[in-house]
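Have a look at the structure below before the remarks.
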Amino acid sequence: MLGIMASQPSCWGIFPTPANNELTRHTIYHDLNPACQEIRLLRVHLEEKDGFIRCELLPAASLSNIRGQYTAISYCAGDPRRTKKIFVNGIPFNVFENLAHVLEMTRNFWTKTFPDKECIIWADQICINQFNLAERSHQVGFMRGIYSSAAQTLICLSTTDVDPRGVEWLVKLHQSVDPDGDFYQYYFHLEYYLRTNLANKQFADDWFAFYDVFNSPWWMRTWVYQEFISSSNIYFLYGKSSVPWKRLSEVLPTLQKYSHFPYFGLTITERQAQVADTTNIVNFFVISKLRFDRVGPFDLMDLLSQSRHLQSSDSRDGIYAFLGLVRESYGIIPDYSPENTMERLLVDIATRIVLQDKTLDILSDASRVRGELSPRLPSWVPDWTTKTCVSLIPRTIRDTSDGSVALFPRIVQSGKLELQGFHIGVFRKGKLGWYFPNSRDRFRHDGEGREELWDIVGAGGPFVLRHVGNQYHLVREAQRNKPAGYNSVEDAVQRHGLQAQTVVLS
C-alpha cells in the first residue's frame, strides 16, 4: 500500500511517511541485500500491557526462504501527520494512525483465528526503512512477490470508530445458507434467504450498514490493487469483524443481481445509489482478480486504461504500482529520480507498448485519453494520468508473424513514431475530399496545418491527422464512413491500388 493520500508530508521523500528521529532509524534498521530479495518481518506481541502496540523486527531473510511463513498487511495509510506511537524493539516509533488501527485489528483477528501461533507480519511502513530511498525502490520492484508469498493477506477496510454490523451481517448471511453445500443450491438458498428476510427491519438495517464497506478509502488507492490481485488467501477486516475473500466473492454477485428488484424497499435502493460509483470500483477489483487468477498477466495498455480512477501521492505510481501484474518483457524499472518526469515516463511507456505488443491500438487510446499533460506530449501518447475519460474496451494483441511486421512502426527519435498508412483525403471547409480518380485535383490542399484522413497500417483507423511541416499530429479517430460507391475505406484503397506511405507522428 505504498500509495497514500496526498497531503503535506511529515518527512521528505517520494512516499510521505510519519517522522521518526534519526536515532530510532539507525537503531532498528540494518541494510537489506537487494540481490537476494531480502525483506524484514515483524513479530506482533498479542498481549496488551499498557495500551501500546509492541512488536519487534526479525532478522532480514530472503523472500524465497520464508514463503508461507508470514502474513501481509494491506491498508490505506492516510495522512502522515496523523500518527500514533507504538514500540518497535522497545523503541518508540511513530506510525500512521490507520496502521496503528490495522495492527490492533490484526491482533484481535489473530487471537480469535490462530491463538496458538505467533503473529508474524509484513507491514510496509515498518518493514521498509522509509528513509533509505534505494531500499524503497528495490522493495517496490518485487512487491507482487511479497504478497504472493504470504500465507495470507489481511486487508483492513476500516479506519477508526466504525460500525461492524455490515460485515457481521454478511458473515451471518453466508453461514445461514449452507456455504458447504452444492454450488447451485447455495445460490438458490441465498436468494430465498434474502427475499424472505426483507420484512425484518433489523435485517434491512444491517444490510444498509453493509454498504459502509464500499465507502472505505482502501478501494481508491493505487498500490492496494496489486496487493489484492497478488494475494492468494485474503481476509477482509472491518473493525473487529472479518470475512474471507471467498465468502465475499460468492455473495457479492447475488446482492448486485437482486439490488434492482422492487421488493427491496426504498431504503436499500437509496443506499445502493449512494455507493454506486464505489460499487463499480469494487467490481473492477473483483473482475480483475478473477481474470488474473485464471489467465495471468495483464496487457499493460488495458490495465492503464482501466485503472485511472485509482489514486496515489506520486503520479508515477499510476504505472509502477502495476508492474508486477504485467509481462516482464516490457522491461520497465521504477525510477523515482527528479529527471524522470511524468511526461518522460508516459512517452517511454507508450514506446514500450508499441514495440512490445506490436499493435497500434494505442492511437485509439491517445485520441480519447487526453488530459492536462497532453499538450506537452507527442500526439500519439495517451495521458494516463487523466481521470475524466471512460474506461476503454479491452482488446486482443494482434499476431504480426504473418509478414506484416515489415510495415511495423518504429521510433525514429524520442517521442516520434514512424508508421505506414494510406492517404485517403483532405478535409476542406469541414468536408472530406476522397483522394480517388476524378476527385484528387478538386480537393488538393497543400496549406500548413491541414487535416487529412489516413488509413493506418496495423491500427483500427482511419484517423484524422494534422499536417505540420514534414510531420503529422494525431487529431482524433475518424468515423468509419464509407466513400460513395464503396463497401468500406479498405475496399476503396484496394480497388484504386493506393500505395502505403511513410508518416511520422510527433
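Lettering and numbering for the C-alpha cells are positional, with chains as A, B, ... in the shown order, residues counted from 1 in each chain, and ligands counted from 1 in the shown order.
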
Original post:
DSSP on the backbone: what in segment 2-241 of chain A comes out alpha helix (DSSP H), as a VMD selection string?
Top reply: chain A and resid 22 to 28 97 to 113 124 to 127 133 to 141 143 to 148 165 to 175 183 to 197 201 to 210 223 to 230

**OP:** Mind checking which residues fall within 12 Å of Asn197 of chain A, counting only C-alpha atoms, ignoring those fewer than 4 positions away in the same chain, and posting them as number ranges by chain?
**Re:** A: 173, 176, 190-193, 201-207, 263-264

**OP:** List every residue of segment 21-157 of chain A that DSSP, applied to the backbone, labels as strand (DSSP E), and write the result as number ranges by chain.
**Re:** A: 38-39, 42-44, 54-57, 61-62, 71-74, 83-88, 91-96, 119-122, 152-156

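Atom CA of Gly318 of chain A lies 16.5 Å from atom CA of Asp365 of chain A.
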
Give me, as a tab-separated table, the closest atom pair and its distance (Å, one decimal) for every residue of segment 13-58 of chain A within a cut-off of 7 Å of segment 123-146 of chain A, counting only C-alpha atoms, rows sorted by chain and rising number.
```
residue	atom	partner	partner_atom	distance
A:Tyr29	CA	A:Asn129	CA	6.7
A:Pro34	CA	A:His138	CA	6.4
A:Arg40	CA	A:Cys127	CA	5.2
A:Leu41	CA	A:Cys127	CA	6.2
A:Leu42	CA	A:Cys127	CA	6.9
```

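Considering only C-alpha atoms, the residue among A:Asp163, A:Asp357, A:Asp317, A:Asp212 positioned nearest to Gly458 of chain A is A:Asp357.
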
Subject >> Polymer residues at most 8 Å from segment 245-247 of chain A, only C-alpha atoms, same-chain spacing of 3 or more positions, as a PyMOL selection string >> reply: chain A and resi 171+174+233-236+250-251

For those residues, write all heavy atoms to a file as an mmCIF file, in the first residue's frame.
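Dumped everything to part.cif:
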```cif
data_model
loop_
_atom_site.group_PDB
_atom_site.id
_atom_site.type_symbol
_atom_site.label_atom_id
_atom_site.label_comp_id
_atom_site.auth_asym_id
_atom_site.auth_seq_id
_atom_site.Cartn_x
_atom_site.Cartn_y
_atom_site.Cartn_z
ATOM 1 N N VAL A 171 -21.411 -12.131 7.149
ATOM 2 C CA VAL A 171 -20.958 -13.431 7.634
ATOM 3 C C VAL A 171 -22.150 -14.305 8.013
ATOM 4 O O VAL A 171 -22.230 -15.493 7.656
ATOM 5 C CB VAL A 171 -20.005 -13.256 8.831
ATOM 6 C CG1 VAL A 171 -19.669 -14.603 9.453
ATOM 7 C CG2 VAL A 171 -18.734 -12.547 8.406
ATOM 8 N N HIS A 174 -23.984 -15.541 4.913
ATOM 9 C CA HIS A 174 -23.287 -16.635 4.251
ATOM 10 C C HIS A 174 -23.470 -17.949 5.013
ATOM 11 O O HIS A 174 -23.713 -19.002 4.410
ATOM 12 C CB HIS A 174 -21.805 -16.292 4.134
ATOM 13 C CG HIS A 174 -20.989 -17.316 3.418
ATOM 14 N ND1 HIS A 174 -20.983 -17.436 2.044
ATOM 15 C CD2 HIS A 174 -20.150 -18.278 3.875
ATOM 16 C CE1 HIS A 174 -20.173 -18.419 1.688
ATOM 17 N NE2 HIS A 174 -19.660 -18.945 2.782
ATOM 18 N N ASN A 233 -4.708 -15.879 -0.428
ATOM 19 C CA ASN A 233 -5.583 -16.199 0.706
ATOM 20 C C ASN A 233 -5.869 -14.899 1.453
ATOM 21 O O ASN A 233 -5.025 -14.395 2.183
ATOM 22 C CB ASN A 233 -4.903 -17.223 1.618
ATOM 23 C CG ASN A 233 -5.825 -17.701 2.732
ATOM 24 O OD1 ASN A 233 -7.046 -17.615 2.611
ATOM 25 N ND2 ASN A 233 -5.241 -18.176 3.815
ATOM 26 N N ILE A 234 -7.071 -14.351 1.270
ATOM 27 C CA ILE A 234 -7.366 -12.995 1.727
ATOM 28 C C ILE A 234 -8.462 -13.004 2.786
ATOM 29 O O ILE A 234 -9.472 -13.705 2.661
ATOM 30 C CB ILE A 234 -7.809 -12.112 0.547
ATOM 31 C CG1 ILE A 234 -6.680 -11.984 -0.478
ATOM 32 C CG2 ILE A 234 -8.253 -10.725 1.025
ATOM 33 C CD1 ILE A 234 -7.106 -11.279 -1.752
ATOM 34 N N TYR A 235 -8.245 -12.188 3.830
ATOM 35 C CA TYR A 235 -9.282 -11.882 4.803
ATOM 36 C C TYR A 235 -9.502 -10.376 4.793
ATOM 37 O O TYR A 235 -8.545 -9.604 4.849
ATOM 38 C CB TYR A 235 -8.874 -12.307 6.216
ATOM 39 C CG TYR A 235 -8.803 -13.798 6.441
ATOM 40 C CD1 TYR A 235 -7.648 -14.514 6.152
ATOM 41 C CD2 TYR A 235 -9.889 -14.494 6.963
ATOM 42 C CE1 TYR A 235 -7.573 -15.877 6.363
ATOM 43 C CE2 TYR A 235 -9.827 -15.867 7.179
ATOM 44 C CZ TYR A 235 -8.667 -16.542 6.875
ATOM 45 O OH TYR A 235 -8.600 -17.896 7.088
ATOM 46 N N PHE A 236 -10.763 -9.962 4.722
ATOM 47 C CA PHE A 236 -11.088 -8.550 4.868
ATOM 48 C C PHE A 236 -11.429 -8.278 6.331
ATOM 49 O O PHE A 236 -12.268 -8.978 6.918
ATOM 50 C CB PHE A 236 -12.276 -8.167 3.984
ATOM 51 C CG PHE A 236 -11.936 -8.048 2.531
ATOM 52 C CD1 PHE A 236 -12.189 -9.087 1.649
ATOM 53 C CD2 PHE A 236 -11.349 -6.888 2.038
ATOM 54 C CE1 PHE A 236 -11.873 -8.973 0.307
ATOM 55 C CE2 PHE A 236 -11.029 -6.770 0.691
ATOM 56 C CZ PHE A 236 -11.289 -7.812 -0.166
ATOM 57 N N GLU A 250 -18.462 -14.809 -3.276
ATOM 58 C CA GLU A 250 -19.636 -15.613 -3.560
ATOM 59 C C GLU A 250 -20.937 -14.832 -3.369
ATOM 60 O O GLU A 250 -21.906 -15.006 -4.108
ATOM 61 C CB GLU A 250 -19.650 -16.867 -2.676
ATOM 62 C CG GLU A 250 -18.564 -17.880 -3.032
ATOM 63 C CD GLU A 250 -18.476 -19.007 -2.029
ATOM 64 O OE1 GLU A 250 -18.993 -18.837 -0.899
ATOM 65 O OE2 GLU A 250 -17.886 -20.046 -2.357
ATOM 66 N N VAL A 251 -20.955 -13.952 -2.364
ATOM 67 C CA VAL A 251 -22.179 -13.243 -2.017
ATOM 68 C C VAL A 251 -22.404 -12.015 -2.885
ATOM 69 O O VAL A 251 -23.536 -11.695 -3.265
ATOM 70 C CB VAL A 251 -22.158 -12.851 -0.521
ATOM 71 C CG1 VAL A 251 -23.316 -11.922 -0.188
ATOM 72 C CG2 VAL A 251 -22.219 -14.092 0.350
#
```

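Counting only C-alpha atoms, the residue from A:Met301, A:Ile456, A:Val95, A:Leu157 that sits nearest to Tyr75 of chain A is A:Leu157.
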
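What separates atom CA of Ser379 of chain A from atom CA of Thr222 of chain A is a distance of 26.3 Å.
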
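Here atom CA of His30 of chain A stands at a distance of 17.6 Å from atom CA of Phe87 of chain A.
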